[in-house]
Every structure is written in C-alpha cells, then in structure tokens.
Amino acid sequence: MALTLFRGLQSNCCRLYPSVFDARKHVRYFRVRSSQGQTATQEKQQTQLKASPKYEEALKNYEAVIGIETHVQLSTLTKAFCSCPYNYGDQPNTSVCPVCMGLPGALPVLNSKVIESAVKVGLALNCKLSLSSKFDRKQYFYPDLPKGYQISQFDIPIAAGGYLDVDLPVEFGGGHRKFGVTRVHMEEDAGKLLHTGNGSFSQVDLNRAGVPLLEIVSEPDMRTGTEAAEYAAELQRLVRYLGVSNGNMQEGSLRCDVNISVRPHGQLELGTKVEIKNLNSFSSVSRAIDYEILRQAQLHSQGQADEIVQETRLWEEGAQKTVTMRKKEGLADYRYFPEPDLPGVNLSEEYISAIRDSLPELPETKRRRYENMGLTMQDVLFLTNDINVAAFFDATIATGADIKLAANWIMGDIAAYMKNEKLSINDIKLTPRELGELIASIKGGTISGKIGKEILFELVAKGGTVKGLIQEKDLVQIADPSEIEKIVDKVLENNPKQLEQYRGGKTKLQGFFAGQIMKETKGKANPALLNKILLEKLNSKP
C-alpha cells in the first residue's frame, strides 16, 4: 500500500465555517475588478504577417520543435485535498469549502485516489516511478487561485522518463511514432474566471479550485501539428482506457498547452519557445501549431527572429491565428518551496505491483493484437479509438464470429446508426452475441446479406434475437435450386422484351432480372445460386 502520512482535518471541513456556507445560498459569484479588460483578445501589437508561405515551403528551410503539457482532470469523487465533490456544470460556488477556498487555518488532506491514478498513468506511460516524492508550493497569484499558490510537484515528480507510442492515421501518411514523456506530476486545479461583456469586472467560480490534476509533460519530440494532435488524442485514449478521467476537452477535463519553437535545419540550438494556450480540440492543436510554424518561419526568413519572444499566446478560433496573452514566467518567478502542510508520498513495491497487475489492455497493445489478427490499420484505429467499441468487438469475435466481418459490421452499419441517432455503442439494443449470430446466419446461408441488414436495424433499435426475428418474419433464405428455378422462369416469362434485349447484347439487364427475382422472393433468394441459375437461363438458346 502507499505509505502516506496525512495530517489535517479528518471530518467534513465545511462544518467548521457554517456562516460561509449559509452565504452560498445567496452569493453565486465572487467579483474581481479588472482595470485592463480582456487584453488577451485586444492584442494591439500583433505582428502583421505578409502573405504566408505554404506550410511545406516553411518546412523546407526550418524545423519545428514541439512539446505538449497536458493537464488531465481526474475522475475522483472528491477534490485533491478536501471532501468537496466536483461535478461539471454545477451552479457556481456550490462545491467549495475553507480548504479549496484557501481560508486561513484550513489544512489540506491528500486524497489517496489521486496517488493511485498517478501511478496508473505513470506505469501506462512506461515511466520510472519515484518511491518517495513530495508536494511543493508554486506561487501563482491569480484571482481564481484563492490561496495565492498552487499545490503541485516540482523537483521530485511521482513519475518521469517514459514514452507514448502513437500510430498516425492512414490519411496522414500512417506510420508509428514514439514520443518521450519527461514527467508526470500531481497538482490541484484553479477556479474559473467568467468574463463580462464590458470588461469592467470578472466573475470567479471556485467550484473547480482544488480538483485533482495530473500534468503530463512530453519531450520536445514532435515536429508537426498532426503529430502533436495525435499525441494528445492518444493521451485522451489512454486515460479513458485506464478509467482515471473522462478526457472530455469540451469540459476542460483534458487541456493542452503547446510549446513550439522554430530553427533552421541543421541548427542544434533550440529557438525561442512560445507557449500556446486555449486549445480546446485536437484540430485546434494542429491548426494552431501550423500557424505558429508559419509565423515564426516568416520572422526568421525576414531576419526578424529577435521578435520571437518567450511568451504565452492564445489561439483565436474565429481569426485562425495566435495572439499574445502575456510574457512567460520562468521557474524563478514561481518561487517553489516544499509544501509544509503535506507529508511526503512514499510508495511500496508491493503497491506498485498490485496496480500494474490491475491495468487493462492498453490502446497500443490492443492495436498490435488487432493487427496480428489481419485487420488493416484503418480498421485497427477505428476499433481501438473507443474502449467500449473495442470491448464490443472483442465480445463479438469471442462468439466465434468472423473477425473481418465483425469489424465491417461495427465500422459500417452500426457506426452509421450510432452517428445518426447520436448514441454510444453501450446505448444500442444489439448485443455482441446477437451480432455474432447474425454474422454466422449470413455466412452459413440461413439468410442473405440484404435480410441481414434488415434484421440488424431491428436489433440495434429494439433488441431481440436473430433466430426469433428470422422465425417471426419468415426470413429463412431460399436455397432450393428447383424453387429458385421456378421463380427465374416466371420472371423471364413476365419480361419478354427485356429478355430479348439481353440476348441482343444488353447484358447489363442481368441486374434488372436479379432485382425482379429478389422482389418476388422478398429478398430471400440465395444470391449466388440465383445468379448462377439466372445466367444459365439467360444464355440458353431459346
């Protein structure tokens, strides 16, 4: 077990300050006066770029060096250092207490689930875990950080020196990449500022203050916006597989800050690093990086490289450009020192081994297993992108279903239905067992592929069993040659004009006759047998 010594409040700290929480019924926001308004979106000294060269042209002369700092919000029942819950979308300032509000005399108590999640992520990222680590204070005064400092980890993170395997999508050239992970450390989140239209003040919601985060810092191993976006997407996939976070970017559960610099090809020294914030989607990560590569490359080519300064920039989605937010602080500005109110975190080898044994099959391992089954990379990437889809696929082939057919049904008709109905695979009525039965019924000739689709839509929408629907709707495939021959003769007799045209050279009319036969049999005729008998009849001498 993790050997941690906790001290502080053992009971619900909310009870110590009843007057504070009575006030919550009437006050939802704290207001902070702002003398400058929204400077991030009113940047007046934005460098005006001339006509940007094409992205490929910029990369001919310059190389981008990219690293990502990813903040993952952990799905624990309570916050990192107090007993307050956190639920996205709650009324502002309704999940706060003296600890997360930073009131004097309120002491933090570490949530042990935060350690467990950090160890899981560290192991999954192939990191070396620190058996002894500690928390530090990061002096970071902002209105949404009521203590005036953030509890984080500085010189001894809980995990370091790992890597993440990424398979690039086929449409982006494919290929495998391995990106280094510098460190994984635990920390708490700040609150959230809500800005007013006139810019005269901001409202502060402290619900998020104290929510546990893992910050995952990559090595500067990425070179394009696509690589960076796929790295971030793989991290999201990983934390979802591990069950430590929902990874929803739209809720702020996964947030990416990109560090990017540009240097001429052949230069070993890194260029000036610029950080980009406010990236709320993977496509934004890719587009913001590509824009910044062009911006910095153009300044280099114009002899204005000294205008690239270490700063934090924001991505403006509407304008599709980055703008200056603030000059970047250095480590000295944060004045780190060990957190005096929390003990060190000591892990035993037994605790780590127990967590390692509990890890699920991770995306990279699953992709390699699916590849070995003979699936294409396009199939593999689709199936493993969602852990629930992968589980559905695994359960389907466990029934003995054909691997490729199972993949095709899930990626095709089932995926299209889920998209149209805005459902997840856990919401549909079809079970893996019945999908396996459907595939077996088609492959064994009991029903046709066309009938199979009709049954599928019934199963995903209403449920039921394949055998039950086949019997109820009398859908058994007609596979008796003599019966099909009678129907072929009837269709040919009823369409003499088309028969004459076919024998006169219009062979495409075979499809017309096949359609008429299928209509006559309500789609139940065995397609292979139907076409064999039909061709024999069409090509026989009158």
# chains A, B, ... in the order shown; residues from 1 in each chain; ligands from 1

$ residues_around --residues "A:Pro432" --least-positions-apart "6" --cutoff "10 Å" --atoms "only C-alpha atoms" --output "list in words"
Ala391, Phe392, Phe393, Asp394, Ala395, Thr396, Ile397, Ala398, Thr399, Ala401, Ala406 and Leu438 of chain A

$ write_last_selection --atoms "C-alpha atoms" --output "short mmCIF file (atom, residue, chain, number, x, y, z; two decimals), in the first residue's frame"
data_model
loop_
_atom_site.label_atom_id
_atom_site.label_comp_id
_atom_site.auth_asym_id
_atom_site.auth_seq_id
_atom_site.Cartn_x
_atom_site.Cartn_y
_atom_site.Cartn_z
CA ALA A 391 -14.89 -4.29 -25.91
CA PHE A 392 -17.95 -4.84 -28.14
CA PHE A 393 -15.73 -6.10 -30.95
CA ASP A 394 -13.81 -8.43 -28.64
CA ALA A 395 -17.04 -9.84 -27.22
CA THR A 396 -18.39 -10.38 -30.75
CA ILE A 397 -15.39 -12.35 -32.02
CA ALA A 398 -15.39 -14.31 -28.76
CA THR A 399 -18.64 -15.90 -30.02
CA ALA A 401 -17.72 -14.61 -35.44
CA ALA A 406 -17.41 -8.33 -37.33
CA LEU A 438 -26.22 -12.60 -37.36
#

$ residues_around --residues "stretch 480-489 of chain A" --least-positions-apart "3" --cutoff "8 Å" --atoms "only C-alpha atoms" --output "ChimeraX atom specification"
/A:492-493,517,520,525,529-530,533-534,537

$ closest_atom_pairs --of "stretch 363-446 of chain A" --to "stretch 458-466 of chain A" --cutoff "12 Å" --atoms "only C-alpha atoms" --output "JSON lines"
{"residue": "A:Trp409", "atom": "CA", "partner": "A:Val460", "partner_atom": "CA", "distance": 11.9}
{"residue": "A:Ile410", "atom": "CA", "partner": "A:Val460", "partner_atom": "CA", "distance": 11.3}
{"residue": "A:Asp413", "atom": "CA", "partner": "A:Val460", "partner_atom": "CA", "distance": 10.0}
{"residue": "A:Ile414", "atom": "CA", "partner": "A:Val460", "partner_atom": "CA", "distance": 7.7}
{"residue": "A:Ala415", "atom": "CA", "partner": "A:Val460", "partner_atom": "CA", "distance": 10.8}
{"residue": "A:Ala416", "atom": "CA", "partner": "A:Val460", "partner_atom": "CA", "distance": 11.4}
{"residue": "A:Tyr417", "atom": "CA", "partner": "A:Val460", "partner_atom": "CA", "distance": 8.2}
{"residue": "A:Met418", "atom": "CA", "partner": "A:Val460", "partner_atom": "CA", "distance": 9.1}
{"residue": "A:Glu421", "atom": "CA", "partner": "A:Ala461", "partner_atom": "CA", "distance": 9.8}
{"residue": "A:Leu423", "atom": "CA", "partner": "A:Val460", "partner_atom": "CA", "distance": 10.7}
{"residue": "A:Ser424", "atom": "CA", "partner": "A:Val460", "partner_atom": "CA", "distance": 11.4}
{"residue": "A:Ile425", "atom": "CA", "partner": "A:Val460", "partner_atom": "CA", "distance": 9.5}
{"residue": "A:Asn426", "atom": "CA", "partner": "A:Val460", "partner_atom": "CA", "distance": 10.6}
{"residue": "A:Asp427", "atom": "CA", "partner": "A:Val460", "partner_atom": "CA", "distance": 9.0}
{"residue": "A:Ile428", "atom": "CA", "partner": "A:Val460", "partner_atom": "CA", "distance": 5.2}
{"residue": "A:Lys429", "atom": "CA", "partner": "A:Gly463", "partner_atom": "CA", "distance": 4.6}
{"residue": "A:Leu430", "atom": "CA", "partner": "A:Val460", "partner_atom": "CA", "distance": 4.5}
{"residue": "A:Thr431", "atom": "CA", "partner": "A:Gly463", "partner_atom": "CA", "distance": 8.1}
{"residue": "A:Pro432", "atom": "CA", "partner": "A:Val460", "partner_atom": "CA", "distance": 10.8}
{"residue": "A:Arg433", "atom": "CA", "partner": "A:Thr465", "partner_atom": "CA", "distance": 9.2}
{"residue": "A:Glu434", "atom": "CA", "partner": "A:Thr465", "partner_atom": "CA", "distance": 6.2}
{"residue": "A:Leu435", "atom": "CA", "partner": "A:Val466", "partner_atom": "CA", "distance": 8.3}
{"residue": "A:Gly436", "atom": "CA", "partner": "A:Val466", "partner_atom": "CA", "distance": 9.6}
{"residue": "A:Glu437", "atom": "CA", "partner": "A:Val466", "partner_atom": "CA", "distance": 6.6}
{"residue": "A:Leu438", "atom": "CA", "partner": "A:Val466", "partner_atom": "CA", "distance": 6.1}
{"residue": "A:Ile439", "atom": "CA", "partner": "A:Val466", "partner_atom": "CA", "distance": 9.8}
{"residue": "A:Ala440", "atom": "CA", "partner": "A:Val466", "partner_atom": "CA", "distance": 10.2}
{"residue": "A:Ser441", "atom": "CA", "partner": "A:Val466", "partner_atom": "CA", "distance": 8.3}
{"residue": "A:Ile442", "atom": "CA", "partner": "A:Val466", "partner_atom": "CA", "distance": 10.7}
{"residue": "A:Thr446", "atom": "CA", "partner": "A:Val466", "partner_atom": "CA", "distance": 10.8}

$ closest_residue --among "A:Val345, A:Gly148, A:Asn526, A:Ala106" --to "A:Ala118" --atoms "only C-alpha atoms"
A:Val345

$ closest_residue --among "A:Asp474, A:Glu187, A:Glu57, A:Glu349" --to "A:Val211" --atoms "only C-alpha atoms"
A:Glu187

$ residues_around --residues "A:Gln250" --least-positions-apart "2" --cutoff "7 Å" --atoms "only C-alpha atoms" --output "ChimeraX atom specification"
/A:248,252,280

$ select_by_dssp --residues "stretch 113-190 of chain A" --states "strand (DSSP E or B)" --output "count of residues only"
34

$ decode --residues "stretch 300-326 of chain A" --atoms "N, CA, C and O atoms" --output "PDB file, in the first residue's frame"
ATOM      1  N   HIS A 300      11.879  34.469 -39.120  1.00  0.00           N
ATOM      2  CA  HIS A 300      13.261  34.021 -39.355  1.00  0.00           C
ATOM      3  C   HIS A 300      13.713  34.429 -40.754  1.00  0.00           C
ATOM      4  O   HIS A 300      14.802  34.992 -40.943  1.00  0.00           O
ATOM      5  N   SER A 301      12.887  34.152 -41.748  1.00  0.00           N
ATOM      6  CA  SER A 301      13.281  34.408 -43.139  1.00  0.00           C
ATOM      7  C   SER A 301      13.424  35.896 -43.423  1.00  0.00           C
ATOM      8  O   SER A 301      14.150  36.294 -44.328  1.00  0.00           O
ATOM      9  N   GLN A 302      12.746  36.741 -42.639  1.00  0.00           N
ATOM     10  CA  GLN A 302      12.833  38.189 -42.827  1.00  0.00           C
ATOM     11  C   GLN A 302      13.913  38.818 -41.951  1.00  0.00           C
ATOM     12  O   GLN A 302      14.018  40.043 -41.869  1.00  0.00           O
ATOM     13  N   GLY A 303      14.688  37.969 -41.264  1.00  0.00           N
ATOM     14  CA  GLY A 303      15.742  38.490 -40.398  1.00  0.00           C
ATOM     15  C   GLY A 303      15.211  39.122 -39.121  1.00  0.00           C
ATOM     16  O   GLY A 303      15.886  39.950 -38.509  1.00  0.00           O
ATOM     17  N   GLN A 304      14.014  38.730 -38.707  1.00  0.00           N
ATOM     18  CA  GLN A 304      13.386  39.317 -37.516  1.00  0.00           C
ATOM     19  C   GLN A 304      13.200  38.268 -36.407  1.00  0.00           C
ATOM     20  O   GLN A 304      12.254  38.332 -35.629  1.00  0.00           O
ATOM     21  N   ALA A 305      14.107  37.323 -36.327  1.00  0.00           N
ATOM     22  CA  ALA A 305      13.989  36.252 -35.341  1.00  0.00           C
ATOM     23  C   ALA A 305      13.978  36.789 -33.911  1.00  0.00           C
ATOM     24  O   ALA A 305      13.404  36.171 -33.013  1.00  0.00           O
ATOM     25  N   ASP A 306      14.610  37.957 -33.688  1.00  0.00           N
ATOM     26  CA  ASP A 306      14.641  38.513 -32.333  1.00  0.00           C
ATOM     27  C   ASP A 306      13.266  38.996 -31.873  1.00  0.00           C
ATOM     28  O   ASP A 306      13.054  39.275 -30.696  1.00  0.00           O
ATOM     29  N   GLU A 307      12.303  39.086 -32.799  1.00  0.00           N
ATOM     30  CA  GLU A 307      10.948  39.469 -32.421  1.00  0.00           C
ATOM     31  C   GLU A 307      10.153  38.288 -31.865  1.00  0.00           C
ATOM     32  O   GLU A 307       9.041  38.467 -31.358  1.00  0.00           O
ATOM     33  N   ILE A 308      10.716  37.090 -31.975  1.00  0.00           N
ATOM     34  CA  ILE A 308      10.095  35.917 -31.357  1.00  0.00           C
ATOM     35  C   ILE A 308      10.542  35.893 -29.908  1.00  0.00           C
ATOM     36  O   ILE A 308      11.722  35.682 -29.613  1.00  0.00           O
ATOM     37  N   VAL A 309       9.639  36.133 -28.979  1.00  0.00           N
ATOM     38  CA  VAL A 309       9.982  36.225 -27.565  1.00  0.00           C
ATOM     39  C   VAL A 309       9.290  35.104 -26.797  1.00  0.00           C
ATOM     40  O   VAL A 309       8.265  34.567 -27.226  1.00  0.00           O
ATOM     41  N   GLN A 310       9.858  34.756 -25.655  1.00  0.00           N
ATOM     42  CA  GLN A 310       9.241  33.748 -24.812  1.00  0.00           C
ATOM     43  C   GLN A 310       7.980  34.345 -24.196  1.00  0.00           C
ATOM     44  O   GLN A 310       8.043  35.275 -23.395  1.00  0.00           O
ATOM     45  N   GLU A 311       6.839  33.786 -24.595  1.00  0.00           N
ATOM     46  CA  GLU A 311       5.567  34.341 -24.168  1.00  0.00           C
ATOM     47  C   GLU A 311       4.484  33.272 -24.224  1.00  0.00           C
ATOM     48  O   GLU A 311       4.692  32.184 -24.776  1.00  0.00           O
ATOM     49  N   THR A 312       3.347  33.611 -23.668  1.00  0.00           N
ATOM     50  CA  THR A 312       2.162  32.767 -23.771  1.00  0.00           C
ATOM     51  C   THR A 312       1.213  33.414 -24.770  1.00  0.00           C
ATOM     52  O   THR A 312       0.907  34.601 -24.667  1.00  0.00           O
ATOM     53  N   ARG A 313       0.764  32.629 -25.736  1.00  0.00           N
ATOM     54  CA  ARG A 313      -0.148  33.131 -26.757  1.00  0.00           C
ATOM     55  C   ARG A 313      -1.453  32.343 -26.704  1.00  0.00           C
ATOM     56  O   ARG A 313      -1.495  31.208 -26.213  1.00  0.00           O
ATOM     57  N   LEU A 314      -2.497  32.950 -27.175  1.00  0.00           N
ATOM     58  CA  LEU A 314      -3.806  32.302 -27.254  1.00  0.00           C
ATOM     59  C   LEU A 314      -4.144  32.011 -28.703  1.00  0.00           C
ATOM     60  O   LEU A 314      -3.740  32.743 -29.612  1.00  0.00           O
ATOM     61  N   TRP A 315      -4.892  30.944 -28.919  1.00  0.00           N
ATOM     62  CA  TRP A 315      -5.391  30.615 -30.252  1.00  0.00           C
ATOM     63  C   TRP A 315      -6.796  31.175 -30.397  1.00  0.00           C
ATOM     64  O   TRP A 315      -7.697  30.854 -29.624  1.00  0.00           O
ATOM     65  N   GLU A 316      -6.954  32.077 -31.362  1.00  0.00           N
ATOM     66  CA  GLU A 316      -8.272  32.652 -31.648  1.00  0.00           C
ATOM     67  C   GLU A 316      -8.904  31.854 -32.774  1.00  0.00           C
ATOM     68  O   GLU A 316      -8.478  31.945 -33.932  1.00  0.00           O
ATOM     69  N   GLU A 317      -9.915  31.078 -32.414  1.00  0.00           N
ATOM     70  CA  GLU A 317     -10.528  30.167 -33.375  1.00  0.00           C
ATOM     71  C   GLU A 317     -11.157  30.927 -34.546  1.00  0.00           C
ATOM     72  O   GLU A 317     -11.026  30.518 -35.706  1.00  0.00           O
ATOM     73  N   GLY A 318     -11.844  32.022 -34.238  1.00  0.00           N
ATOM     74  CA  GLY A 318     -12.507  32.769 -35.299  1.00  0.00           C
ATOM     75  C   GLY A 318     -11.536  33.340 -36.312  1.00  0.00           C
ATOM     76  O   GLY A 318     -11.755  33.258 -37.525  1.00  0.00           O
ATOM     77  N   ALA A 319     -10.445  33.929 -35.805  1.00  0.00           N
ATOM     78  CA  ALA A 319      -9.454  34.559 -36.688  1.00  0.00           C
ATOM     79  C   ALA A 319      -8.440  33.557 -37.211  1.00  0.00           C
ATOM     80  O   ALA A 319      -7.665  33.876 -38.114  1.00  0.00           O
ATOM     81  N   GLN A 320      -8.415  32.353 -36.646  1.00  0.00           N
ATOM     82  CA  GLN A 320      -7.463  31.313 -37.030  1.00  0.00           C
ATOM     83  C   GLN A 320      -6.020  31.815 -36.925  1.00  0.00           C
ATOM     84  O   GLN A 320      -5.213  31.697 -37.846  1.00  0.00           O
ATOM     85  N   LYS A 321      -5.707  32.406 -35.748  1.00  0.00           N
ATOM     86  CA  LYS A 321      -4.350  32.891 -35.523  1.00  0.00           C
ATOM     87  C   LYS A 321      -4.064  32.902 -34.029  1.00  0.00           C
ATOM     88  O   LYS A 321      -4.967  32.817 -33.191  1.00  0.00           O
ATOM     89  N   THR A 322      -2.781  33.008 -33.692  1.00  0.00           N
ATOM     90  CA  THR A 322      -2.380  33.135 -32.294  1.00  0.00           C
ATOM     91  C   THR A 322      -2.128  34.613 -31.977  1.00  0.00           C
ATOM     92  O   THR A 322      -1.680  35.369 -32.844  1.00  0.00           O
ATOM     93  N   VAL A 323      -2.429  34.998 -30.733  1.00  0.00           N
ATOM     94  CA  VAL A 323      -2.189  36.368 -30.295  1.00  0.00           C
ATOM     95  C   VAL A 323      -1.530  36.344 -28.919  1.00  0.00           C
ATOM     96  O   VAL A 323      -1.684  35.399 -28.158  1.00  0.00           O
ATOM     97  N   THR A 324      -0.776  37.383 -28.606  1.00  0.00           N
ATOM     98  CA  THR A 324      -0.076  37.450 -27.331  1.00  0.00           C
ATOM     99  C   THR A 324      -1.055  37.556 -26.165  1.00  0.00           C
ATOM    100  O   THR A 324      -2.012  38.321 -26.206  1.00  0.00           O
ATOM    101  N   MET A 325      -0.802  36.752 -25.119  1.00  0.00           N
ATOM    102  CA  MET A 325      -1.591  36.823 -23.900  1.00  0.00           C
ATOM    103  C   MET A 325      -0.781  37.486 -22.793  1.00  0.00           C
ATOM    104  O   MET A 325      -1.204  38.460 -22.189  1.00  0.00           O
ATOM    105  N   ARG A 326       0.417  36.962 -22.521  1.00  0.00           N
ATOM    106  CA  ARG A 326       1.290  37.542 -21.504  1.00  0.00           C
ATOM    107  C   ARG A 326       2.691  37.028 -21.721  1.00  0.00           C
ATOM    108  O   ARG A 326       2.906  36.007 -22.387  1.00  0.00           O
TER     109      ARG A 326
END
